[in-house]
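> See entry.cif below, with mmCIF, C-alpha atoms.
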```cif
data_my_file
loop_
_atom_site.label_atom_id
_atom_site.label_comp_id
_atom_site.auth_asym_id
_atom_site.auth_seq_id
_atom_site.Cartn_x
_atom_site.Cartn_y
_atom_site.Cartn_z
CA MET X 6 50.96 91.54 59.85
CA LYS X 7 51.21 90.04 56.39
CA ALA X 8 51.50 86.41 55.24
CA MET X 9 51.70 84.43 52.02
CA ILE X 10 50.12 81.00 51.58
CA PHE X 11 51.50 78.65 48.94
CA ALA X 12 48.36 77.16 47.39
CA ALA X 13 49.51 76.73 43.78
CA GLY X 14 50.86 73.17 43.97
CA LEU X 15 49.63 70.32 41.79
CA GLY X 16 48.95 68.04 44.74
CA THR X 17 50.28 64.93 43.00
CA ARG X 18 50.87 63.15 46.32
CA LEU X 19 47.16 63.53 47.15
CA ARG X 20 45.74 61.98 44.00
CA PRO X 21 42.97 61.03 43.35
CA LEU X 22 41.70 63.74 45.75
CA THR X 23 43.28 66.42 43.55
CA ASP X 24 42.04 65.13 40.21
CA ASN X 25 39.24 67.69 40.17
CA ARG X 26 40.21 70.28 42.78
CA PRO X 27 43.28 72.12 44.04
CA LYS X 28 45.29 70.60 46.87
CA ALA X 29 44.49 73.57 49.10
CA LEU X 30 40.78 72.72 49.02
CA VAL X 31 41.21 69.10 50.08
CA GLU X 32 39.32 68.72 53.35
CA VAL X 33 40.94 67.85 56.65
CA ALA X 34 38.26 66.52 59.02
CA GLY X 35 35.60 68.29 56.99
CA VAL X 36 37.36 71.66 56.59
CA PRO X 37 39.50 72.63 53.54
CA MET X 38 43.17 72.86 54.47
CA LEU X 39 43.33 76.41 53.07
CA GLN X 40 40.55 77.50 55.41
CA ARG X 41 42.36 75.98 58.39
CA VAL X 42 45.56 77.85 57.51
CA ILE X 43 43.77 81.18 56.92
CA GLU X 44 41.83 80.95 60.17
CA ASN X 45 44.97 80.03 62.11
CA LEU X 46 46.87 82.98 60.63
CA LYS X 47 43.95 85.25 61.47
CA ARG X 48 43.93 84.01 65.08
CA HIS X 49 47.57 85.03 65.39
CA GLY X 50 47.01 88.56 64.11
CA PHE X 51 47.74 88.25 60.39
CA THR X 52 45.26 90.51 58.62
CA ASP X 53 46.81 90.73 55.13
CA ILE X 54 47.25 87.47 53.22
CA VAL X 55 48.52 86.74 49.71
CA ILE X 56 47.55 83.37 48.19
CA ASN X 57 49.22 82.08 45.05
CA VAL X 58 47.15 79.93 42.69
CA HIS X 59 47.76 77.65 39.71
CA HIS X 60 46.14 74.18 39.70
CA PHE X 61 42.36 74.77 39.55
CA GLY X 62 43.17 78.31 40.65
CA GLU X 63 39.70 79.64 39.86
CA GLN X 64 38.27 77.29 42.50
CA ILE X 65 40.46 78.88 45.17
CA ILE X 66 39.49 82.38 44.05
CA ASP X 67 35.79 81.45 44.17
CA PHE X 68 36.24 79.80 47.58
CA VAL X 69 37.86 82.88 49.09
CA GLU X 70 35.19 85.17 47.65
CA SER X 71 32.37 82.88 48.86
CA HIS X 72 33.72 83.29 52.40
CA ASN X 73 33.87 87.09 52.09
CA ARG X 74 37.67 86.87 52.19
CA PHE X 75 37.35 85.66 55.79
CA GLY X 76 36.91 89.24 56.97
CA ILE X 77 40.52 90.21 56.23
CA ASN X 78 42.53 91.53 53.28
CA ILE X 79 43.26 88.66 50.89
CA ALA X 80 45.02 89.16 47.55
CA ILE X 81 45.66 86.58 44.82
CA SER X 82 49.03 86.07 43.16
CA ASP X 83 48.03 84.47 39.87
CA GLU X 84 50.35 81.76 38.52
CA ARG X 85 47.76 80.02 36.36
CA ASP X 86 49.89 80.62 33.25
CA GLU X 87 53.03 79.12 34.82
CA LEU X 88 53.70 77.39 38.13
CA LEU X 89 56.72 79.20 39.59
CA ASP X 90 57.66 77.03 42.61
CA THR X 91 58.33 78.56 46.01
CA GLY X 92 61.17 80.97 45.24
CA GLY X 93 59.69 82.11 41.96
CA GLY X 94 56.29 82.40 43.62
CA ILE X 95 57.58 84.74 46.32
CA LEU X 96 59.41 86.87 43.75
CA HIS X 97 56.30 87.00 41.52
CA ALA X 98 54.26 88.26 44.49
CA ARG X 99 56.80 90.94 45.47
CA CYS X 100 54.47 93.78 44.52
CA LEU X 101 51.90 92.38 46.97
CA LEU X 102 54.36 91.57 49.76
CA ASP X 103 57.06 94.23 49.81
CA ASP X 104 55.73 97.00 52.04
CA GLY X 105 58.94 97.30 54.06
CA GLU X 106 57.80 94.87 56.78
CA PRO X 107 58.60 91.15 57.20
CA PHE X 108 55.99 88.64 56.05
CA LEU X 109 55.31 85.04 57.02
CA VAL X 110 55.20 82.28 54.40
CA HIS X 111 53.09 79.18 55.07
CA ASN X 112 52.61 76.08 52.90
CA ALA X 113 48.91 75.29 52.49
CA ASP X 114 49.62 71.62 53.21
CA ILE X 115 51.16 72.25 56.63
CA LEU X 116 48.78 71.93 59.57
CA THR X 117 50.07 73.10 62.94
CA ASP X 118 49.07 74.68 66.23
CA LEU X 119 52.42 76.45 66.47
CA ASN X 120 52.26 79.98 67.87
CA LEU X 121 52.86 81.81 64.59
CA SER X 122 52.99 85.24 66.20
CA GLU X 123 55.83 84.01 68.42
CA LEU X 124 57.76 82.96 65.33
CA TYR X 125 57.12 86.37 63.77
CA ARG X 126 58.24 88.22 66.91
CA HIS X 127 61.38 86.08 67.11
CA HIS X 128 62.22 87.10 63.56
CA LEU X 129 61.76 90.78 64.37
CA ASP X 130 63.96 90.51 67.46
CA SER X 131 66.73 88.67 65.60
CA HIS X 132 66.94 91.17 62.70
CA ALA X 133 67.48 88.20 60.37
CA ASP X 134 66.83 88.24 56.65
CA ALA X 135 64.84 85.02 57.01
CA THR X 136 63.80 82.79 59.91
CA LEU X 137 62.88 79.16 59.19
CA LEU X 138 60.81 76.84 61.36
CA VAL X 139 62.97 73.76 61.87
CA ALA X 140 62.77 70.60 63.96
CA ARG X 141 64.60 67.41 64.81
CA ARG X 142 62.61 65.20 62.45
CA THR X 143 63.58 62.15 60.41
CA THR X 144 64.01 62.96 56.74
CA SER X 145 66.60 62.41 54.00
CA ARG X 146 67.46 66.06 53.40
CA TYR X 147 68.55 68.39 56.17
CA LEU X 148 69.46 72.01 56.57
CA LEU X 149 72.70 72.45 58.54
CA PHE X 150 72.98 75.00 61.34
CA ASP X 151 75.76 76.10 63.66
CA ASP X 152 75.37 76.47 67.43
CA SER X 153 73.83 79.92 67.06
CA GLN X 154 71.10 78.52 64.75
CA THR X 155 72.58 80.21 61.67
CA LEU X 156 72.14 78.34 58.40
CA LYS X 157 75.42 77.05 56.95
CA GLY X 158 74.46 74.45 54.36
CA TRP X 159 72.44 71.42 53.33
CA THR X 160 72.90 67.68 53.04
CA ASN X 161 71.16 64.67 51.54
CA ILE X 162 72.04 61.79 53.85
CA LYS X 163 70.95 59.17 51.32
CA THR X 164 73.29 60.33 48.56
CA GLY X 165 75.95 62.06 50.65
CA GLU X 166 75.51 65.24 48.61
CA THR X 167 76.22 68.53 50.39
CA ARG X 168 75.86 72.22 49.59
CA PRO X 169 78.34 73.79 49.69
CA GLU X 170 80.42 70.82 48.60
CA GLY X 171 82.75 69.55 51.31
CA ILE X 172 81.05 71.33 54.22
CA PRO X 173 81.98 69.62 57.54
CA THR X 174 78.57 68.16 58.32
CA HIS X 175 79.78 66.56 61.57
CA GLU X 176 80.36 70.02 63.03
CA LEU X 177 76.84 71.22 62.28
CA ARG X 178 73.32 70.44 63.48
CA PRO X 179 71.00 68.76 60.92
CA LEU X 180 67.42 70.02 61.16
CA ALA X 181 64.34 69.54 58.99
CA PHE X 182 62.55 72.55 57.48
CA GLY X 183 58.91 72.83 58.55
CA GLY X 184 57.41 74.71 55.59
CA ILE X 185 56.85 77.95 57.54
CA HIS X 186 59.25 80.90 57.47
CA VAL X 187 59.37 84.65 58.00
CA ILE X 188 61.11 86.77 55.40
CA SER X 189 62.32 90.37 55.47
CA PRO X 190 62.12 92.43 52.26
CA SER X 191 65.91 92.69 52.42
CA ILE X 192 66.10 89.38 50.53
CA PHE X 193 64.28 90.59 47.43
CA ASP X 194 67.24 92.05 45.54
CA THR X 195 69.30 88.89 46.08
CA LEU X 196 66.27 86.74 45.26
CA GLY X 197 65.71 88.64 42.03
CA SER X 198 69.25 88.01 40.80
CA TYR X 199 69.44 84.38 41.95
CA SER X 200 68.16 82.53 38.90
CA ASP X 201 67.81 83.19 35.19
CA GLN X 202 64.64 81.08 35.34
CA ARG X 203 61.30 82.35 36.64
CA LYS X 204 60.65 78.99 38.34
CA PHE X 205 62.91 78.03 41.24
CA SER X 206 62.71 76.76 44.82
CA ILE X 207 63.34 78.91 47.89
CA THR X 208 65.32 76.27 49.81
CA PRO X 209 68.32 76.16 47.42
CA PHE X 210 68.22 79.96 47.42
CA TYR X 211 68.56 79.99 51.20
CA VAL X 212 71.42 77.47 51.12
CA ASP X 213 73.30 79.14 48.27
CA ASN X 214 73.05 82.57 49.91
CA CYS X 215 73.53 81.72 53.59
CA ASN X 216 77.04 83.20 53.46
CA ARG X 217 75.71 86.64 52.43
CA LEU X 218 72.30 86.70 54.15
CA ASN X 219 71.45 86.14 57.81
CA ILE X 220 69.22 83.06 57.71
CA ASN X 221 68.29 81.55 61.06
CA GLY X 222 66.46 78.51 62.33
CA PHE X 223 63.68 78.70 64.92
CA MET X 224 62.78 75.90 67.33
CA PRO X 225 60.03 76.88 69.79
CA ALA X 226 60.50 75.93 73.43
CA GLU X 227 56.97 74.56 73.76
CA ASP X 228 55.70 71.40 72.08
CA TYR X 229 53.37 71.82 69.13
CA ARG X 230 51.52 69.66 66.64
CA TRP X 231 52.80 69.65 63.05
CA PHE X 232 51.56 67.64 60.06
CA ASP X 233 52.59 67.62 56.41
CA ILE X 234 49.11 66.96 55.04
CA GLY X 235 50.30 66.89 51.43
CA LYS X 236 50.37 63.07 51.54
CA LEU X 237 47.42 60.72 51.94
CA GLU X 238 48.89 58.87 54.93
CA THR X 239 49.73 62.03 56.88
CA LEU X 240 46.40 63.62 55.94
CA ARG X 241 44.67 60.71 57.69
CA LEU X 242 46.93 61.11 60.73
CA ALA X 243 46.03 64.79 60.95
CA GLU X 244 42.34 64.01 60.68
CA GLN X 245 42.63 61.47 63.47
CA SER X 246 44.46 63.97 65.66
CA ILE X 247 41.74 66.57 65.12
CA THR X 248 38.98 64.04 65.80
CA ASP X 249 40.65 62.85 69.00
CA ARG X 250 40.76 66.41 70.35
CA GLN X 251 37.13 67.23 69.56
#
```
As a first step, turn the structure in this file into structure tokens.


Amino acid sequence: MKAMIFAAGLGTRLRPLTDNRPKALVEVAGVPMLQRVIENLKRHGFTDIVINVHHFGEQIIDFVESHNRFGINIAISDERDELLDTGGGILHARCLLDDGEPFLVHNADILTDLNLSELYRHHLDSHADATLLVARRTTSRYLLFDDSQTLKGWTNIKTGETRPEGIPTHELRPLAFGGIHVISPSIFDTLGSYSDQRKFSITPFYVDNCNRLNINGFMPAEDYRWFDIGKLETLRLAEQSITDRQ
């Protein structure tokens, strides 16, 4: 199974920890977050991983090589010339990802003990174009799903903005995106024609194309731990959780 890790971000929310290193190499209880994500993917059967790099990208490349690529196939999608955001990053890595099989995408700053292989199998069984990990979590921006967990739109509850405009939000279920998703290569043609800019986010792409692509939400039946460790306060919470379980 194949996966992509987003490790190209600037890590502005983790400053000063990212003043001299990439966000993905910030340590969580003594272990770089990138290493934790790679080892978790490996535990769940992912043996081919693509990592995109930008901010201090050479440090990530050296780190992966110093660990003998963790005993699996790891390729680098180089964005050091231009940071392409999530949608642009996936499109840029198409030549490394598009082998006809679905691939999992995982933010480097998400730490979780979710059963990733279960998410992947669910995607295969559903025949969706994309399957997004979602949860009932407090945020200001929500994806909107119908009763069959099919994506229908998006809303910002602080501003009242919706996409598409005028969508009946009261008829839909608001869920927060968890930064992990499984994508089928069937999206690539639509993704390639989505923007005239190389840099764009994947979430607006999902929302703007949910009427032509089958984009589903996934909520596992079992409880799992999930941390957005891209912020100093949640990084400390994750470290405490790890320490408490040791």

> Counting all atoms listed in the file, which residue out of X:Lys7, X:Arg99, X:Arg20, X:Arg48 sits closest to Glu238 (chain X)?

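Once distances to Glu238 (chain X) are computed over all atoms listed in the file, the minimum belongs to X:Arg20.
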
> Rounded to one decimal place, report the CA of Thr136 (chain X)-CA of Leu156 (chain X) distance in Å.

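Distance between the two atoms: 9.6 Å.
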
> Tell me, as JSON, numbers by chain, which residues lie within 12 Å of Glu170 (chain X), counting only C-alpha atoms; anything in the same chain fewer than 3 positions away does not count.

{"X": [157, 158, 159, 160, 161, 165, 166, 167, 173, 174, 212, 213]}

> What would the file look like if the residues just selected were written as an mmCIF file, keeping the file's coordinate frame with C-alpha atoms?


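File produced: result.cif:
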```cif
data_model
loop_
_atom_site.group_PDB
_atom_site.id
_atom_site.type_symbol
_atom_site.label_atom_id
_atom_site.label_comp_id
_atom_site.auth_asym_id
_atom_site.auth_seq_id
_atom_site.Cartn_x
_atom_site.Cartn_y
_atom_site.Cartn_z
ATOM 1 C CA LYS X 157 75.420 77.050 56.950
ATOM 2 C CA GLY X 158 74.460 74.450 54.360
ATOM 3 C CA TRP X 159 72.440 71.420 53.330
ATOM 4 C CA THR X 160 72.900 67.680 53.040
ATOM 5 C CA ASN X 161 71.160 64.670 51.540
ATOM 6 C CA GLY X 165 75.950 62.060 50.650
ATOM 7 C CA GLU X 166 75.510 65.240 48.610
ATOM 8 C CA THR X 167 76.220 68.530 50.390
ATOM 9 C CA PRO X 173 81.980 69.620 57.540
ATOM 10 C CA THR X 174 78.570 68.160 58.320
ATOM 11 C CA VAL X 212 71.420 77.470 51.120
ATOM 12 C CA ASP X 213 73.300 79.140 48.270
#
```

> Rank X:Leu121, X:Ile115, X:Leu237, X:Ala34 by their smallest atom-to-atom distance to Phe182 (chain X), using all atoms listed in the file, and report the top residue only.

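Ranking X:Leu121, X:Ile115, X:Leu237, X:Ala34 by distance to Phe182 (chain X), first place goes to X:Ile115.
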
> Name the residues captured by the PyMOL selection byres ((chain X and resi 112) around 6) when it is applied to the shown file; answer as JSON, numbers by chain.

{"X": [10, 11, 111, 113, 114, 115, 184]}

> Rank X:Gly93, X:Phe51, X:Arg26, X:Lys163 by their smallest atom-to-atom distance to Glu63 (chain X), using only C-alpha atoms, and report the top residue only.

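Nearest to Glu63 (chain X): X:Arg26.
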
> When you look at Val110 (chain X) with a cut-off of 10 Å (counting only C-alpha atoms), what residues show up, excluding the ones that are within fewer than 4 positions of it in the same chain? I need them as a ChimeraX atom specification.

/X:7-11,54-56,91,95,137,184-188

> Could you state the separation of CA of Glu44 (chain X) and CA of Glu84 (chain X) in Å, given to one decimal place?

23.3 Å

> Can we get region 72-121 of chain X of that structure written down with N, CA and C atoms, as a tab-separated table (two decimals), in the first residue's frame?


```tsv
chain	number	residue	atom	x	y	z
X	72	HIS	N	18.20	7.05	8.44
X	72	HIS	CA	17.45	5.93	9.01
X	72	HIS	C	17.22	4.82	7.98
X	73	ASN	N	18.06	4.82	6.94
X	73	ASN	CA	17.98	3.78	5.90
X	73	ASN	C	16.57	3.65	5.34
X	74	ARG	N	15.92	4.80	5.20
X	74	ARG	CA	14.55	4.88	4.65
X	74	ARG	C	13.57	3.99	5.41
X	75	PHE	N	13.91	3.73	6.68
X	75	PHE	CA	13.04	2.97	7.58
X	75	PHE	C	12.70	1.58	7.04
X	76	GLY	N	13.56	1.07	6.16
X	76	GLY	CA	13.38	-0.29	5.64
X	76	GLY	C	12.25	-0.44	4.64
X	77	ILE	N	11.74	0.67	4.12
X	77	ILE	CA	10.67	0.62	3.13
X	77	ILE	C	11.04	1.52	1.95
X	78	ASN	N	10.16	1.61	0.97
X	78	ASN	CA	10.40	2.46	-0.19
X	78	ASN	C	9.91	3.88	0.11
X	79	ILE	N	10.82	4.82	0.20
X	79	ILE	CA	10.45	6.21	0.46
X	79	ILE	C	10.99	7.08	-0.67
X	80	ALA	N	10.10	7.85	-1.28
X	80	ALA	CA	10.47	8.79	-2.34
X	80	ALA	C	10.20	10.21	-1.87
X	81	ILE	N	10.94	11.15	-2.41
X	81	ILE	CA	10.79	12.57	-2.05
X	81	ILE	C	10.15	13.33	-3.20
X	82	SER	N	9.10	14.08	-2.88
X	82	SER	CA	8.50	15.01	-3.83
X	82	SER	C	9.02	16.40	-3.47
X	83	ASP	N	9.88	16.93	-4.29
X	83	ASP	CA	10.65	18.13	-3.96
X	83	ASP	C	9.87	19.40	-4.32
X	84	GLU	N	9.51	20.16	-3.30
X	84	GLU	CA	8.84	21.46	-3.49
X	84	GLU	C	9.70	22.60	-2.94
X	85	ARG	N	11.01	22.39	-2.89
X	85	ARG	CA	11.86	23.42	-2.30
X	85	ARG	C	11.85	24.72	-3.10
X	86	ASP	N	11.55	24.65	-4.39
X	86	ASP	CA	11.48	25.86	-5.21
X	86	ASP	C	10.18	26.63	-4.98
X	87	GLU	N	9.10	25.90	-4.65
X	87	GLU	CA	7.80	26.54	-4.45
X	87	GLU	C	6.91	25.64	-3.61
X	88	LEU	N	6.40	26.17	-2.51
X	88	LEU	CA	5.47	25.43	-1.66
X	88	LEU	C	4.11	25.40	-2.35
X	89	LEU	N	3.56	24.20	-2.57
X	89	LEU	CA	2.40	24.05	-3.44
X	89	LEU	C	1.10	23.80	-2.70
X	90	ASP	N	1.09	23.79	-1.38
X	90	ASP	CA	-0.09	23.51	-0.57
X	90	ASP	C	-0.53	22.06	-0.82
X	91	THR	N	-1.65	21.67	-0.22
X	91	THR	CA	-2.01	20.26	-0.22
X	91	THR	C	-2.48	19.75	-1.58
X	92	GLY	N	-3.37	20.49	-2.23
X	92	GLY	CA	-3.84	20.05	-3.54
X	92	GLY	C	-2.74	20.09	-4.58
X	93	GLY	N	-2.01	21.18	-4.61
X	93	GLY	CA	-0.90	21.29	-5.55
X	93	GLY	C	0.19	20.27	-5.26
X	94	GLY	N	0.38	19.97	-3.98
X	94	GLY	CA	1.40	18.99	-3.60
X	94	GLY	C	1.05	17.59	-4.08
X	95	ILE	N	-0.22	17.21	-3.97
X	95	ILE	CA	-0.65	15.90	-4.46
X	95	ILE	C	-0.49	15.83	-5.98
X	96	LEU	N	-0.91	16.88	-6.67
X	96	LEU	CA	-0.81	16.90	-8.12
X	96	LEU	C	0.66	16.84	-8.57
X	97	HIS	N	1.52	17.57	-7.88
X	97	HIS	CA	2.95	17.59	-8.20
X	97	HIS	C	3.56	16.19	-8.04
X	98	ALA	N	3.04	15.42	-7.10
X	98	ALA	CA	3.59	14.08	-6.82
X	98	ALA	C	2.89	12.99	-7.62
X	99	ARG	N	2.06	13.36	-8.58
X	99	ARG	CA	1.27	12.36	-9.32
X	99	ARG	C	2.14	11.26	-9.89
X	100	CYS	N	3.28	11.61	-10.45
X	100	CYS	CA	4.14	10.61	-11.08
X	100	CYS	C	4.65	9.59	-10.07
X	101	LEU	N	4.66	9.94	-8.79
X	101	LEU	CA	5.10	9.03	-7.74
X	101	LEU	C	3.95	8.27	-7.11
X	102	LEU	N	2.73	8.76	-7.30
X	102	LEU	CA	1.56	8.20	-6.61
X	102	LEU	C	0.64	7.40	-7.51
X	103	ASP	N	0.56	7.76	-8.77
X	103	ASP	CA	-0.47	7.21	-9.65
X	103	ASP	C	-0.01	5.90	-10.28
X	104	ASP	N	-0.24	4.80	-9.54
X	104	ASP	CA	0.06	3.48	-10.08
X	104	ASP	C	-1.21	2.67	-10.28
X	105	GLY	N	-2.36	3.36	-10.28
X	105	GLY	CA	-3.64	2.70	-10.48
X	105	GLY	C	-4.32	2.26	-9.21
X	106	GLU	N	-3.63	2.38	-8.06
X	106	GLU	CA	-4.18	1.97	-6.78
X	106	GLU	C	-4.40	3.19	-5.88
X	107	PRO	N	-5.39	3.14	-4.98
X	107	PRO	CA	-5.58	4.24	-4.03
X	107	PRO	C	-4.36	4.44	-3.14
X	108	PHE	N	-4.20	5.64	-2.64
X	108	PHE	CA	-3.11	5.95	-1.72
X	108	PHE	C	-3.65	6.78	-0.56
X	109	LEU	N	-3.03	6.62	0.59
X	109	LEU	CA	-3.43	7.35	1.78
X	109	LEU	C	-2.60	8.62	1.90
X	110	VAL	N	-3.22	9.71	2.34
X	110	VAL	CA	-2.53	10.98	2.55
X	110	VAL	C	-2.62	11.32	4.03
X	111	HIS	N	-1.48	11.69	4.62
X	111	HIS	CA	-1.39	11.89	6.07
X	111	HIS	C	-0.59	13.16	6.35
X	112	ASN	N	-1.17	14.12	7.06
X	112	ASN	CA	-0.42	15.29	7.48
X	112	ASN	C	0.66	14.88	8.48
X	113	ALA	N	1.86	15.42	8.35
X	113	ALA	CA	2.93	15.09	9.29
X	113	ALA	C	2.62	15.54	10.70
X	114	ASP	N	1.77	16.56	10.85
X	114	ASP	CA	1.48	17.09	12.18
X	114	ASP	C	0.20	16.51	12.79
X	115	ILE	N	-0.23	15.36	12.28
X	115	ILE	CA	-1.34	14.63	12.90
X	115	ILE	C	-0.77	13.38	13.57
X	116	LEU	N	-1.04	13.23	14.85
X	116	LEU	CA	-0.61	12.06	15.60
X	116	LEU	C	-1.86	11.30	16.03
X	117	THR	N	-1.91	10.01	15.68
X	117	THR	CA	-3.11	9.24	15.98
X	117	THR	C	-2.78	7.76	16.09
X	118	ASP	N	-3.60	7.03	16.86
X	118	ASP	CA	-3.49	5.58	16.88
X	118	ASP	C	-4.65	4.94	16.11
X	119	LEU	N	-5.28	5.70	15.25
X	119	LEU	CA	-6.32	5.19	14.37
X	119	LEU	C	-5.80	4.01	13.55
X	120	ASN	N	-6.67	3.03	13.32
X	120	ASN	CA	-6.33	1.90	12.48
X	120	ASN	C	-6.36	2.35	11.02
X	121	LEU	N	-5.21	2.72	10.50
X	121	LEU	CA	-5.13	3.27	9.14
X	121	LEU	C	-5.47	2.25	8.07
```
